[in-house]
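The file start_28.pdb contains PDB, C-alpha atoms, pLDDT in the B column:
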```
ATOM      1  CA  MET A  12     -14.905  65.269  -5.757  1.00 48.00           C
ATOM      2  CA  SER A  13     -11.379  65.033  -7.141  1.00 54.00           C
ATOM      3  CA  ARG A  14     -10.697  65.314 -10.853  1.00 65.00           C
ATOM      4  CA  LEU A  15      -9.229  62.450 -12.799  1.00 66.00           C
ATOM      5  CA  GLN A  16      -6.078  63.202 -14.739  1.00 76.00           C
ATOM      6  CA  LEU A  17      -4.805  61.359 -17.806  1.00 75.00           C
ATOM      7  CA  ASN A  18      -1.323  59.922 -17.447  1.00 83.00           C
ATOM      8  CA  ASP A  19      -0.910  60.134 -21.228  1.00 81.00           C
ATOM      9  CA  SER A  20      -2.322  63.345 -22.703  1.00 75.00           C
ATOM     10  CA  ASP A  21      -2.120  61.816 -26.213  1.00 76.00           C
ATOM     11  CA  LEU A  22      -5.202  59.775 -25.263  1.00 77.00           C
ATOM     12  CA  LEU A  23      -7.354  62.911 -25.350  1.00 78.00           C
ATOM     13  CA  ARG A  24      -7.947  63.544 -29.035  1.00 80.00           C
ATOM     14  CA  GLN A  25      -9.633  66.723 -30.140  1.00 81.00           C
ATOM     15  CA  GLN A  26     -10.085  65.518 -33.704  1.00 86.00           C
ATOM     16  CA  ALA A  27     -12.446  63.115 -35.447  1.00 87.00           C
ATOM     17  CA  LEU A  28     -11.361  59.640 -36.514  1.00 83.00           C
ATOM     18  CA  PHE A  29     -12.401  59.831 -40.131  1.00 78.00           C
ATOM     19  CA  ASN A  30     -11.664  57.120 -42.666  1.00 78.00           C
ATOM     20  CA  GLY A  31      -8.852  55.793 -40.480  1.00 82.00           C
ATOM     21  CA  ARG A  32      -7.215  59.204 -39.915  1.00 86.00           C
ATOM     22  CA  TRP A  33      -7.468  61.784 -37.143  1.00 87.00           C
ATOM     23  CA  GLN A  34      -8.468  65.151 -38.594  1.00 87.00           C
ATOM     24  CA  ASP A  35     -10.032  68.500 -37.822  1.00 88.00           C
ATOM     25  CA  ALA A  36     -13.395  69.605 -39.173  1.00 89.00           C
ATOM     26  CA  HIS A  37     -13.214  71.066 -42.692  1.00 85.00           C
ATOM     27  CA  GLN A  38     -13.565  74.692 -41.588  1.00 86.00           C
ATOM     28  CA  GLY A  39     -11.729  74.115 -38.296  1.00 87.00           C
ATOM     29  CA  ALA A  40     -14.955  74.628 -36.340  1.00 91.00           C
ATOM     30  CA  THR A  41     -15.166  73.078 -32.880  1.00 92.00           C
ATOM     31  CA  LEU A  42     -17.722  72.474 -30.147  1.00 93.00           C
ATOM     32  CA  PRO A  43     -16.983  72.542 -26.423  1.00 94.00           C
ATOM     33  CA  VAL A  44     -17.504  69.463 -24.246  1.00 91.00           C
ATOM     34  CA  ILE A  45     -18.909  70.902 -21.021  1.00 94.00           C
ATOM     35  CA  ASP A  46     -19.155  69.254 -17.607  1.00 93.00           C
ATOM     36  CA  PRO A  47     -22.828  69.838 -16.707  1.00 95.00           C
ATOM     37  CA  ALA A  48     -22.060  69.740 -12.977  1.00 94.00           C
ATOM     38  CA  THR A  49     -19.486  72.529 -13.057  1.00 93.00           C
ATOM     39  CA  GLY A  50     -19.958  74.281 -16.392  1.00 94.00           C
ATOM     40  CA  GLU A  51     -16.248  73.749 -17.029  1.00 92.00           C
ATOM     41  CA  THR A  52     -15.080  73.114 -20.594  1.00 90.00           C
ATOM     42  CA  LEU A  53     -13.335  69.737 -20.549  1.00 86.00           C
ATOM     43  CA  ALA A  54     -12.263  69.581 -24.190  1.00 86.00           C
ATOM     44  CA  THR A  55     -13.243  70.617 -27.670  1.00 89.00           C
ATOM     45  CA  ILE A  56     -14.344  68.353 -30.492  1.00 90.00           C
ATOM     46  CA  PRO A  57     -14.547  68.999 -34.223  1.00 91.00           C
ATOM     47  CA  ALA A  58     -17.893  70.310 -35.446  1.00 93.00           C
ATOM     48  CA  LEU A  59     -18.292  68.166 -38.546  1.00 90.00           C
ATOM     49  CA  GLY A  60     -20.631  69.440 -41.215  1.00 90.00           C
ATOM     50  CA  ARG A  61     -23.394  67.485 -42.904  1.00 92.00           C
ATOM     51  CA  ALA A  62     -21.202  66.255 -45.774  1.00 89.00           C
ATOM     52  CA  GLU A  63     -18.360  65.210 -43.445  1.00 88.00           C
ATOM     53  CA  THR A  64     -20.783  63.397 -41.170  1.00 89.00           C
ATOM     54  CA  GLY A  65     -22.342  61.584 -44.138  1.00 91.00           C
ATOM     55  CA  GLN A  66     -18.919  60.519 -45.397  1.00 87.00           C
ATOM     56  CA  ALA A  67     -17.924  59.257 -41.941  1.00 86.00           C
ATOM     57  CA  ILE A  68     -21.140  57.234 -41.670  1.00 89.00           C
ATOM     58  CA  ALA A  69     -20.693  55.783 -45.167  1.00 88.00           C
ATOM     59  CA  TYR A  70     -17.138  54.712 -44.319  1.00 86.00           C
ATOM     60  CA  ALA A  71     -18.244  53.204 -41.003  1.00 86.00           C
ATOM     61  CA  GLU A  72     -20.879  51.142 -42.806  1.00 88.00           C
ATOM     62  CA  THR A  73     -18.212  49.627 -45.073  1.00 86.00           C
ATOM     63  CA  VAL A  74     -16.062  48.445 -42.168  1.00 82.00           C
ATOM     64  CA  ARG A  75     -18.650  47.193 -39.689  1.00 71.00           C
ATOM     65  CA  ILE A  76     -18.759  43.482 -39.077  1.00 60.00           C
TER      66      ILE A  76
END
```

Render the structure in this file as structure tokens.
Amino acid sequence: MSRLQLNDSDLLRQQALFNGRWQDAHQGATLPVIDPATGETLATIPALGRAETGQAIAYAETVRI
């Protein structure tokens, strides 16, 4: 199977959208996103802590329709 490639690499964000801003996790910790079929690391994502996750959820609840 052929791999898909992004035409615009800016579309692949390795940060969290938090309160309307893209940002890294507080301590800079990340988690790999792994393709289960190949074991290949596709990207990394921020490993948000409990407090950061709670704040993100609270913000999301204020903006949902």

List the residues matched by the PyMOL selection byres ((chain A and resi 44-56) around 8) in the displayed structure as a count of residues only, ordered by chain and then by residue number.
-> 8

Can you tell me, as a ChimeraX atom specification, which residues sit within 12 Å of (-12.2, 72.0, -43.9) in the file's frame, using only C-alpha atoms?
-> /A:34-41,57-60,62-63

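Here CA of Gly31 (chain A) is placed at a distance of 21.3 Å from CA of Asp19 (chain A).
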
Pairwise distance for CA of Glu72 (chain A) and CA of Arg32 (chain A), rounded to one decimal in Å | 16.1 Å

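For the pair CA of Gly65 (chain A) and CA of Trp33 (chain A), the interatomic distance is 16.4 Å.
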
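Of the listed residues (A:Arg61, A:Ala69, A:Arg75, A:Gln16), A:Ala69 comes nearest to Asn30 (chain A); the distances count all atoms listed in the file.
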
Find the smallest box with edges along x, y and z containing every listed atom of region 67-74 of chain A, then add 3 Å on each side and report centre and edge lengths in Å to one decimal, as lines of an AutoDock Vina configuration file.
```
center_x = -18.6
center_y = 53.9
center_z = -43.1
size_x = 11.1
size_y = 16.8
size_z = 10.2
```
